[in-house]
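Visitor: Sharing model.json below, JSON, C-alpha atoms:
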[["chain", "number", "residue", "atom", "x", "y", "z"],
["X", 117, "MET", "CA", 0.00, 0.00, 0.00],
["X", 118, "GLY", "CA", 2.85, 2.37, 0.76],
["X", 119, "VAL", "CA", 1.98, 5.01, 3.34],
["X", 120, "SER", "CA", 4.03, 8.14, 3.88],
["X", 121, "PRO", "CA", 3.69, 10.28, 6.97],
["X", 122, "SER", "CA", 0.92, 10.91, 5.41],
["X", 123, "SER", "CA", -1.95, 12.53, 3.59],
["X", 124, "SER", "CA", -3.97, 12.60, 6.82],
["X", 125, "ALA", "CA", -1.19, 14.50, 8.58],
["X", 126, "GLN", "CA", -0.71, 16.79, 5.60],
["X", 127, "GLN", "CA", -4.43, 17.47, 5.30],
["X", 128, "ALA", "CA", -4.57, 18.39, 8.99],
["X", 129, "ARG", "CA", -1.66, 20.80, 8.52],
["X", 130, "GLN", "CA", -3.25, 22.28, 5.40],
["X", 131, "ALA", "CA", -6.57, 22.79, 7.17],
["X", 132, "LEU", "CA", -4.79, 24.66, 9.96],
["X", 133, "ALA", "CA", -2.88, 26.79, 7.44],
["X", 134, "ASP", "CA", -6.13, 27.61, 5.64],
["X", 135, "ARG", "CA", -7.77, 28.74, 8.88],
["X", 136, "LEU", "CA", -4.85, 31.03, 9.71],
["X", 137, "ALA", "CA", -4.93, 32.51, 6.21],
["X", 138, "GLU", "CA", -8.65, 33.11, 6.61],
["X", 139, "LEU", "CA", -8.08, 35.03, 9.85],
["X", 140, "CYS", "CA", -5.52, 37.14, 8.02],
["X", 141, "ARG", "CA", -7.97, 37.96, 5.20],
["X", 142, "ASP", "CA", -10.87, 38.63, 7.57],
["X", 143, "ALA", "CA", -8.71, 41.16, 9.43],
["X", 144, "GLY", "CA", -7.86, 42.91, 6.16],
["X", 145, "LEU", "CA", -4.18, 42.10, 6.58],
["X", 146, "THR", "CA", -1.48, 40.67, 4.35],
["X", 147, "GLY", "CA", 1.15, 38.14, 5.26],
["X", 148, "ARG", "CA", 3.68, 40.97, 5.44],
["X", 149, "ASP", "CA", 1.40, 42.80, 7.90],
["X", 150, "ILE", "CA", 1.29, 39.72, 10.12],
["X", 151, "ALA", "CA", 5.07, 39.41, 9.98],
["X", 152, "GLU", "CA", 5.52, 43.04, 11.01],
["X", 153, "ARG", "CA", 3.09, 42.74, 13.91],
["X", 154, "CYS", "CA", 4.74, 39.53, 15.10],
["X", 155, "ASP", "CA", 8.29, 40.68, 14.45],
["X", 156, "TRP", "CA", 8.96, 37.85, 12.01],
["X", 157, "HIS", "CA", 10.85, 37.61, 8.75],
["X", 158, "PRO", "CA", 8.37, 38.47, 5.96],
["X", 159, "SER", "CA", 8.59, 35.00, 4.40],
["X", 160, "LYS", "CA", 7.50, 33.22, 7.58],
["X", 161, "SER", "CA", 3.85, 34.22, 7.27],
["X", 162, "SER", "CA", 3.76, 33.01, 3.68],
["X", 163, "ARG", "CA", 5.31, 29.67, 4.60],
["X", 164, "ILE", "CA", 2.78, 29.18, 7.39],
["X", 165, "MET", "CA", -0.23, 30.09, 5.22],
["X", 166, "ASN", "CA", 0.97, 27.74, 2.46],
["X", 167, "ALA", "CA", 1.53, 24.88, 4.92],
["X", 168, "LYS", "CA", 5.22, 24.79, 4.05],
["X", 169, "THR", "CA", 6.27, 25.50, 7.64],
["X", 170, "PRO", "CA", 4.12, 24.27, 10.53],
["X", 171, "PRO", "CA", 3.45, 26.96, 13.15],
["X", 172, "SER", "CA", 4.31, 26.47, 16.79],
["X", 173, "ALA", "CA", 1.74, 27.03, 19.52],
["X", 174, "ASP", "CA", 3.42, 30.39, 20.23],
["X", 175, "ASP", "CA", 3.19, 31.29, 16.53],
["X", 176, "ILE", "CA", -0.56, 30.64, 16.62],
["X", 177, "ARG", "CA", -1.00, 32.77, 19.73],
["X", 178, "ALA", "CA", 0.91, 35.64, 18.09],
["X", 179, "TRP", "CA", -1.11, 35.23, 14.88],
["X", 180, "CYS", "CA", -4.40, 35.42, 16.76],
["X", 181, "ARG", "CA", -3.28, 38.55, 18.61],
["X", 182, "ALA", "CA", -2.19, 40.16, 15.34],
["X", 183, "THR", "CA", -5.54, 39.46, 13.67],
["X", 184, "GLY", "CA", -7.72, 40.29, 16.67],
["X", 185, "ALA", "CA", -8.93, 36.69, 16.90],
["X", 186, "GLU", "CA", -7.66, 35.73, 20.34],
["X", 187, "ASP", "CA", -10.95, 33.97, 21.07],
["X", 188, "GLN", "CA", -9.92, 31.31, 18.53],
["X", 189, "THR", "CA", -6.48, 30.66, 19.99],
["X", 190, "ASP", "CA", -7.37, 27.57, 22.03],
["X", 191, "ASP", "CA", -9.21, 25.93, 19.15],
["X", 192, "LEU", "CA", -6.36, 26.55, 16.72],
["X", 193, "VAL", "CA", -3.74, 25.27, 19.15],
["X", 194, "ALA", "CA", -5.87, 22.13, 19.54],
["X", 195, "SER", "CA", -5.89, 21.79, 15.74],
["X", 196, "LEU", "CA", -2.11, 22.01, 15.81],
["X", 197, "ARG", "CA", -1.95, 19.16, 18.33],
["X", 198, "THR", "CA", -4.19, 17.09, 16.04],
["X", 199, "ALA", "CA", -1.91, 17.72, 13.07],
["X", 200, "GLU", "CA", 1.18, 16.88, 15.11],
["X", 201, "GLY", "CA", -0.44, 13.77, 16.56],
["X", 202, "ALA", "CA", -1.18, 12.25, 13.15],
["X", 203, "TRP", "CA", 2.49, 11.35, 12.82],
["X", 204, "ILE", "CA", 4.74, 10.63, 15.79],
["X", 205, "GLY", "CA", 8.32, 9.47, 15.40],
["X", 206, "TRP", "CA", 9.42, 6.59, 17.60],
["X", 207, "ARG", "CA", 12.04, 8.73, 19.32],
["X", 208, "ARG", "CA", 9.39, 11.19, 20.47],
["X", 209, "MET", "CA", 6.78, 8.56, 21.32],
["X", 210, "GLU", "CA", 9.16, 6.45, 23.39],
["X", 211, "ARG", "CA", 11.32, 9.18, 24.92],
["X", 212, "THR", "CA", 10.15, 8.24, 28.43],
["X", 213, "GLY", "CA", 10.29, 4.49, 27.82],
["X", 214, "LEU", "CA", 7.94, 1.82, 26.46],
["X", 215, "LYS", "CA", 5.43, 1.61, 29.31],
["X", 216, "GLN", "CA", 3.74, 4.93, 28.66],
["X", 217, "ALA", "CA", 3.26, 4.17, 24.97],
["X", 218, "GLN", "CA", 1.57, 0.88, 25.88],
["X", 219, "GLU", "CA", -0.71, 2.45, 28.49],
["X", 220, "ALA", "CA", -1.72, 5.36, 26.26],
["X", 221, "ARG", "CA", -3.46, 3.06, 23.79],
["X", 222, "LEU", "CA", -5.67, 1.24, 26.29],
["X", 223, "PRO", "CA", -8.68, 3.64, 26.16],
["X", 224, "LEU", "CA", -8.82, 3.29, 22.37],
["X", 225, "TYR", "CA", -8.97, -0.49, 22.63],
["X", 226, "GLU", "CA", -11.58, -0.31, 25.38],
["X", 227, "ARG", "CA", -14.02, 1.76, 23.32],
["X", 228, "THR", "CA", -13.53, -0.16, 20.06],
["X", 229, "LEU", "CA", -16.28, -2.67, 19.34],
["X", 230, "ARG", "CA", -14.95, -3.99, 16.04],
["X", 231, "PHE", "CA", -11.20, -4.41, 15.90],
["X", 232, "ARG", "CA", -9.33, -5.54, 12.78],
["X", 233, "CYS", "CA", -5.59, -6.13, 12.67],
["X", 234, "TYR", "CA", -3.19, -7.23, 9.95],
["X", 235, "SER", "CA", 0.48, -8.03, 10.55],
["X", 236, "SER", "CA", 3.15, -9.06, 8.10],
["X", 237, "TRP", "CA", 6.01, -9.53, 10.57],
["X", 238, "LEU", "CA", 4.82, -10.24, 14.14],
["X", 239, "VAL", "CA", 1.99, -11.90, 16.02],
["X", 240, "PRO", "CA", -0.36, -8.98, 16.90],
["X", 241, "GLY", "CA", 0.07, -7.60, 20.42],
["X", 242, "LEU", "CA", -3.44, -8.44, 21.64],
["X", 243, "ILE", "CA", -2.82, -12.16, 21.07],
["X", 244, "GLN", "CA", 0.81, -12.40, 22.19],
["X", 245, "THR", "CA", 1.90, -14.48, 25.14],
["X", 246, "ARG", "CA", 3.78, -12.75, 27.93],
["X", 247, "ALA", "CA", 7.07, -14.37, 26.89],
["X", 248, "TYR", "CA", 6.60, -13.40, 23.23],
["X", 249, "THR", "CA", 5.74, -9.83, 24.22],
["X", 250, "GLU", "CA", 8.87, -9.65, 26.34],
["X", 251, "SER", "CA", 10.97, -10.80, 23.37],
["X", 252, "VAL", "CA", 9.35, -8.19, 21.10],
["X", 253, "LEU", "CA", 9.67, -5.28, 23.49],
["X", 254, "ARG", "CA", 13.18, -6.23, 24.55],
["X", 255, "ALA", "CA", 14.25, -6.15, 20.91],
["X", 256, "VAL", "CA", 12.62, -2.72, 20.50],
["X", 257, "GLN", "CA", 14.25, -1.38, 23.66],
["X", 258, "ARG", "CA", 17.71, -2.52, 22.60],
["X", 259, "ARG", "CA", 17.30, -0.99, 19.16],
["X", 260, "ARG", "CA", 15.94, 2.45, 19.94],
["X", 261, "VAL", "CA", 15.03, 3.17, 23.59],
["X", 262, "GLU", "CA", 17.54, 4.17, 26.26],
["X", 263, "ILE", "CA", 15.20, 3.63, 29.23],
["X", 264, "ASP", "CA", 14.73, 0.00, 30.25],
["X", 265, "ASP", "CA", 11.16, -0.35, 31.47],
["X", 266, "VAL", "CA", 10.45, -3.51, 29.49],
["X", 267, "ALA", "CA", 8.96, -5.38, 32.47],
["X", 268, "GLU", "CA", 6.46, -2.56, 33.09],
["X", 269, "ALA", "CA", 5.64, -2.29, 29.38],
["X", 270, "VAL", "CA", 4.99, -6.03, 29.17],
["X", 271, "ALA", "CA", 2.61, -5.79, 32.14],
["X", 272, "ALA", "CA", 0.77, -2.91, 30.44],
["X", 273, "ARG", "CA", 0.33, -4.90, 27.24],
["X", 274, "MET", "CA", -0.93, -7.91, 29.17],
["X", 275, "GLU", "CA", -3.45, -5.63, 30.93],
["X", 276, "ARG", "CA", -4.68, -4.44, 27.55],
["X", 277, "GLN", "CA", -5.53, -8.02, 26.57],
["X", 278, "ARG", "CA", -8.42, -8.08, 29.01],
["X", 279, "VAL", "CA", -10.56, -6.45, 26.29],
["X", 280, "LEU", "CA", -10.60, -9.87, 24.60],
["X", 281, "ASP", "CA", -12.82, -11.14, 27.41],
["X", 282, "GLU", "CA", -15.21, -8.19, 27.55],
["X", 283, "GLY", "CA", -18.61, -8.60, 25.98],
["X", 284, "GLY", "CA", -19.65, -6.73, 22.86],
["X", 285, "HIS", "CA", -16.19, -6.66, 21.26],
["X", 286, "ARG", "CA", -15.31, -8.50, 18.05],
["X", 287, "PHE", "CA", -11.76, -9.15, 16.87],
["X", 288, "ALA", "CA", -10.39, -10.17, 13.49],
["X", 289, "PHE", "CA", -6.69, -10.93, 13.23],
["X", 290, "LEU", "CA", -4.85, -11.57, 9.98],
["X", 291, "PHE", "CA", -1.18, -12.29, 9.59],
["X", 292, "GLU", "CA", 1.18, -13.74, 7.04],
["X", 293, "GLU", "CA", 2.23, -17.38, 7.29],
["X", 294, "SER", "CA", 5.83, -16.21, 7.62],
["X", 295, "VAL", "CA", 4.92, -14.73, 11.03],
["X", 296, "LEU", "CA", 4.67, -18.30, 12.32],
["X", 297, "ARG", "CA", 8.37, -18.79, 11.55],
["X", 298, "ASN", "CA", 9.90, -15.43, 12.36],
["X", 299, "SER", "CA", 12.36, -16.95, 14.88],
["X", 300, "LEU", "CA", 11.56, -14.36, 17.54],
["X", 301, "GLY", "CA", 12.68, -15.49, 20.96],
["X", 302, "GLU", "CA", 13.89, -18.91, 22.05],
["X", 303, "ILE", "CA", 12.24, -22.09, 20.79],
["X", 304, "ASP", "CA", 10.11, -22.48, 23.91],
["X", 305, "VAL", "CA", 8.84, -18.90, 23.45],
["X", 306, "GLN", "CA", 7.89, -19.63, 19.85],
["X", 307, "ILE", "CA", 6.17, -22.91, 20.70],
["X", 308, "GLY", "CA", 4.26, -21.29, 23.55],
["X", 309, "GLN", "CA", 3.04, -18.57, 21.21],
["X", 310, "LEU", "CA", 1.93, -21.05, 18.57],
["X", 311, "GLU", "CA", 0.06, -23.11, 21.18],
["X", 312, "HIS", "CA", -1.67, -19.90, 22.31],
["X", 313, "LEU", "CA", -2.83, -19.24, 18.75],
["X", 314, "LEU", "CA", -4.39, -22.71, 18.61],
["X", 315, "THR", "CA", -6.38, -21.88, 21.74],
["X", 316, "LEU", "CA", -7.49, -18.43, 20.59],
["X", 317, "GLY", "CA", -8.73, -19.74, 17.25],
["X", 318, "SER", "CA", -11.59, -21.52, 19.00],
["X", 319, "LEU", "CA", -13.00, -18.45, 20.78],
["X", 320, "PRO", "CA", -16.35, -17.17, 19.40],
["X", 321, "ASN", "CA", -15.50, -13.45, 19.37],
["X", 322, "ILE", "CA", -12.13, -13.91, 17.64],
["X", 323, "SER", "CA", -11.48, -14.56, 13.97],
["X", 324, "LEU", "CA", -7.98, -15.80, 13.29],
["X", 325, "GLY", "CA", -6.84, -15.88, 9.67],
["X", 326, "ILE", "CA", -3.45, -16.78, 8.21],
["X", 327, "VAL", "CA", -2.46, -15.68, 4.71],
["X", 328, "PRO", "CA", -0.57, -18.64, 3.20],
["X", 329, "THR", "CA", 2.74, -18.16, 1.45],
["X", 330, "ARG", "CA", 2.06, -18.72, -2.23],
["X", 331, "LEU", "CA", 3.11, -17.55, -5.66],
["X", 332, "ALA", "CA", 1.11, -15.16, -7.84],
["X", 333, "ARG", "CA", -1.14, -13.93, -5.04],
["X", 334, "SER", "CA", -3.46, -11.04, -5.87],
["X", 335, "ARG", "CA", -2.48, -8.84, -2.88],
["X", 336, "MET", "CA", 1.10, -8.57, -1.71],
["X", 337, "PRO", "CA", 2.00, -8.12, 1.99],
["X", 338, "VAL", "CA", 1.76, -4.54, 3.25],
["X", 339, "GLU", "CA", 2.68, -2.67, 6.42],
["X", 340, "GLY", "CA", 1.02, -3.80, 9.63],
["X", 341, "PHE", "CA", -2.13, -1.88, 10.54],
["X", 342, "TRP", "CA", -4.96, -1.78, 13.08],
["X", 343, "ILE", "CA", -8.52, -0.63, 12.30],
["X", 344, "PHE", "CA", -10.59, 0.64, 15.23],
["X", 345, "ASP", "CA", -14.27, 0.41, 14.25],
["X", 346, "SER", "CA", -14.54, 2.65, 11.17],
["X", 347, "ALA", "CA", -13.06, 5.69, 12.86],
["X", 348, "GLN", "CA", -9.29, 5.26, 12.94],
["X", 349, "VAL", "CA", -6.37, 3.31, 11.54],
["X", 350, "ASN", "CA", -2.96, 3.05, 13.18],
["X", 351, "VAL", "CA", 0.09, 2.05, 11.16],
["X", 352, "GLU", "CA", 3.53, 1.16, 12.46],
["X", 353, "LEU", "CA", 6.32, 2.14, 10.09],
["X", 354, "VAL", "CA", 10.08, 1.95, 10.46],
["X", 355, "SER", "CA", 10.31, 5.62, 11.38],
["X", 356, "GLY", "CA", 7.21, 6.18, 13.47],
["X", 357, "TYR", "CA", 3.56, 5.70, 14.37],
["X", 358, "LEU", "CA", 0.85, 6.96, 12.05],
["X", 359, "THR", "CA", -2.78, 7.72, 12.94],
["X", 360, "LEU", "CA", -5.27, 7.99, 10.07],
["X", 361, "THR", "CA", -8.78, 9.37, 10.56],
["X", 362, "GLN", "CA", -9.71, 10.60, 7.08],
["X", 363, "PRO", "CA", -12.72, 8.47, 6.02],
["X", 364, "SER", "CA", -11.23, 7.84, 2.56],
["X", 365, "GLU", "CA", -7.98, 6.51, 4.06],
["X", 366, "VAL", "CA", -9.76, 4.40, 6.66],
["X", 367, "ALA", "CA", -11.84, 2.93, 3.82],
["X", 368, "MET", "CA", -8.69, 2.09, 1.85],
["X", 369, "TYR", "CA", -7.34, 0.08, 4.75],
["X", 370, "ALA", "CA", -10.70, -1.60, 5.31],
["X", 371, "ASP", "CA", -10.76, -2.63, 1.65],
["X", 372, "THR", "CA", -7.20, -3.94, 1.90],
["X", 373, "PHE", "CA", -8.10, -5.91, 5.01],
["X", 374, "ALA", "CA", -11.05, -7.46, 3.16],
["X", 375, "GLU", "CA", -8.82, -8.43, 0.23],
["X", 376, "LEU", "CA", -6.26, -10.03, 2.54],
["X", 377, "ALA", "CA", -9.03, -11.78, 4.47],
["X", 378, "ASP", "CA", -10.20, -13.39, 1.23],
["X", 379, "LEU", "CA", -6.71, -14.85, 0.78],
["X", 380, "ALA", "CA", -6.48, -16.19, 4.33],
["X", 381, "VAL", "CA", -7.30, -19.63, 5.67],
["X", 382, "TYR", "CA", -9.23, -20.23, 8.87],
["X", 383, "GLY", "CA", -10.28, -22.99, 11.23],
["X", 384, "THR", "CA", -8.81, -26.41, 10.40],
["X", 385, "ASN", "CA", -6.61, -25.08, 7.61],
["X", 386, "ALA", "CA", -5.17, -22.36, 9.87],
["X", 387, "ARG", "CA", -4.54, -24.90, 12.59],
["X", 388, "ARG", "CA", -2.68, -27.05, 10.07],
["X", 389, "LEU", "CA", -0.30, -24.20, 9.27],
["X", 390, "ILE", "CA", 0.28, -23.48, 12.96],
["X", 391, "THR", "CA", 0.91, -27.15, 13.73],
["X", 392, "SER", "CA", 3.32, -27.40, 10.79],
["X", 393, "ALA", "CA", 5.29, -24.45, 12.17],
["X", 394, "MET", "CA", 5.44, -26.14, 15.59],
["X", 395, "ASP", "CA", 6.67, -29.37, 14.03],
["X", 396, "ALA", "CA", 9.43, -27.46, 12.22],
["X", 397, "LEU", "CA", 10.69, -26.22, 15.59],
["X", 398, "GLY", "CA", 11.15, -29.79, 16.74]]
So, in terms of structure tokens, how does the structure I just supplied come out?
Guide:
Amino acid sequence: MGVSPSSSAQQARQALADRLAELCRDAGLTGRDIAERCDWHPSKSSRIMNAKTPPSADDIRAWCRATGAEDQTDDLVASLRTAEGAWIGWRRMERTGLKQAQEARLPLYERTLRFRCYSSWLVPGLIQTRAYTESVLRAVQRRRVEIDDVAEAVAARMERQRVLDEGGHRFAFLFEESVLRNSLGEIDVQIGQLEHLLTLGSLPNISLGIVPTRLARSRMPVEGFWIFDSAQVNVELVSGYLTLTQPSEVAMYADTFAELADLAVYGTNARRLITSAMDALG
């Protein structure tokens, strides 16, 4: 599918730029007038209004003072936070460790009634065993996080899994067959995770699909993504964490999920793939 950091983020920035430009026009001012009132270089106002340079919260406050629209400051600063939040680099998201990032997502999972997840490289977090989660988060911590709060982060992810047992929630998990053989963790960790998948596949509120490795498939593997009802998609990329809320983009991911689901196997056939992966581990 190929997502950049992204049209949703860019659209949010453009919408904010358009609102600031509108305040400028409504006040009968030019970009140069704004720059003079704010003591900026003349080109700064133009870059902000054309969404080439994102404003800071202080820039927005100064803009609102210059245009006599201070009553709109709080709303515009909130819009800035929305635009910034659409794309968060891992360094920023995990600057205080891994635990906070795990805990921050819990309310979203709690209010989601229909959850869809596709993964091309790992078993999804909601259906990981504790040992598998520890292997995943330890690898993340060693690669990019200075603070070692892996034990606390593992506990937070395990706490999140309680949503699987709450009534009214439906879960659909898809992942590539290669995930079953990704060699993450020691052999006992891998076997324990595969056994857990066999158990989860029998639960009534969980759909577990595996996309078999095959030639000439109609939909190639894509980046891992999570769909929360029809309101939001989260995507994990190499460089950061992307939140999509534009209906057109959410629909694209829903369509992709449906296409991948059509390629997947379920029930007995899925169990056969899982059992084969366990046998390969000896």
Visitor: Can you measure CA of Thr245 in chain X to CA of His312 in chain X for me? One decimal in Å is fine.
Guide: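 Separation between CA of Thr245 in chain X and CA of His312 in chain X: 7.1 Å.
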Visitor: Quick one: distance from CA of Leu192 in chain X to CA of Phe341 in chain X in Å, one decimal?
Guide: 29.4 Å
Visitor: Nearest to Arg232 in chain X among X:Ser161, X:Glu292, X:Phe373, X:Lys168, with distances taken over all atoms listed in the file: which residue is it?
Guide: X:Phe373
Visitor: Restricting the calculation to only C-alpha atoms: of X:Ala386, X:Met165, X:Val354, X:Val338, which residue gets closest to Arg259 in chain X?
Guide: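 The answer is X:Val354, which sits nearest to Arg259 in chain X.
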Visitor: Give me, as a list in words, all polymer residues having an atom no more than 7 Å from range 223-231 of chain X, counting all atoms listed in the file and skipping those fewer than 3 positions away in the same chain.
Guide: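 Residues meeting the cut-off are Val279, Gly284, His285, Arg286, Phe287, Ala288, Ile343, Phe344 and Asp345 of chain X.
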Visitor: Any idea what's packed within 10 Å of range 302-311 of chain X, counting all atoms listed in the file, ignoring anything in its chain fewer than 6 positions away? Could you give it as a list in words?
Guide: Val239, Ile243, Gln244, Thr245, Arg246, Ala247, Tyr248, Thr249, Glu250, Ser251, Leu296, Arg387, Ile390, Thr391, Ala393, Met394, Asp395, Leu397 and Gly398 of chain X
Visitor: Using all atoms listed in the file, which protein or nucleic acid residues come within 10 Å of Asp190 in chain X? Drop anything in the same chain fewer than 4 positions from it, and give the result as a list of chain:residue names.
Guide: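 After dropping sequence-adjacent residues, the list is X:Ala173, X:Ile176, X:Arg177, X:Cys180, X:Glu186, X:Ala194, X:Ser195, X:Leu196.
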Visitor: What would the file look like if the residues just selected were written as a short mmCIF file (atom, residue, chain, number, x, y, z; two decimals), keeping the file's coordinate frame with C-alpha atoms?
Guide:
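Produced file result_24.cif, reproduced below:
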data_model
loop_
_atom_site.label_atom_id
_atom_site.label_comp_id
_atom_site.auth_asym_id
_atom_site.auth_seq_id
_atom_site.Cartn_x
_atom_site.Cartn_y
_atom_site.Cartn_z
CA ALA X 173 1.74 27.03 19.52
CA ILE X 176 -0.56 30.64 16.62
CA ARG X 177 -1.00 32.77 19.73
CA CYS X 180 -4.40 35.42 16.76
CA GLU X 186 -7.66 35.73 20.34
CA ALA X 194 -5.87 22.13 19.54
CA SER X 195 -5.89 21.79 15.74
CA LEU X 196 -2.11 22.01 15.81
#
Visitor: Have a look at CA of Leu214 in chain X and CA of Val252 in chain X and let me know their distance in Å, one decimal.
Guide: 11.4 Å
Visitor: For Ser294 in chain X, which residue out of X:Gln126, X:Ser323, X:Ser392, X:Ser159 is the nearest one, using all atoms listed in the file?
Guide: X:Ser392
Visitor: Compare X:Asp134, X:Glu375, X:Glu275, X:Glu339 by their minimum atom-to-atom distance to Ser235 in chain X, counting all atoms listed in the file, and give me the closest one.
Guide: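 Comparing X:Asp134, X:Glu375, X:Glu275, X:Glu339 against Ser235 in chain X, the winner is X:Glu339.
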Visitor: X:Val193, X:Ala217, X:Leu300, X:Val270: which is nearest Leu238 in chain X, counting only C-alpha atoms?
Guide: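 Result for the nearest residue to Leu238 in chain X: X:Leu300.
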Visitor: Could you give me, as a VMD selection string, the residues within 7 Å of range 359-365 of chain X, counting all atoms listed in the file and dropping anything in the same chain fewer than 4 positions from it?
Guide: chain X and resid 124 202 to 203 347 to 351 369
Visitor: Which of these, X:Thr384, X:Asn298, X:Gln257, X:Ser236, has the shortest distance to Met336 in chain X once you count only C-alpha atoms?
Guide: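 Among the listed residues, X:Ser236 lies closest to Met336 in chain X.
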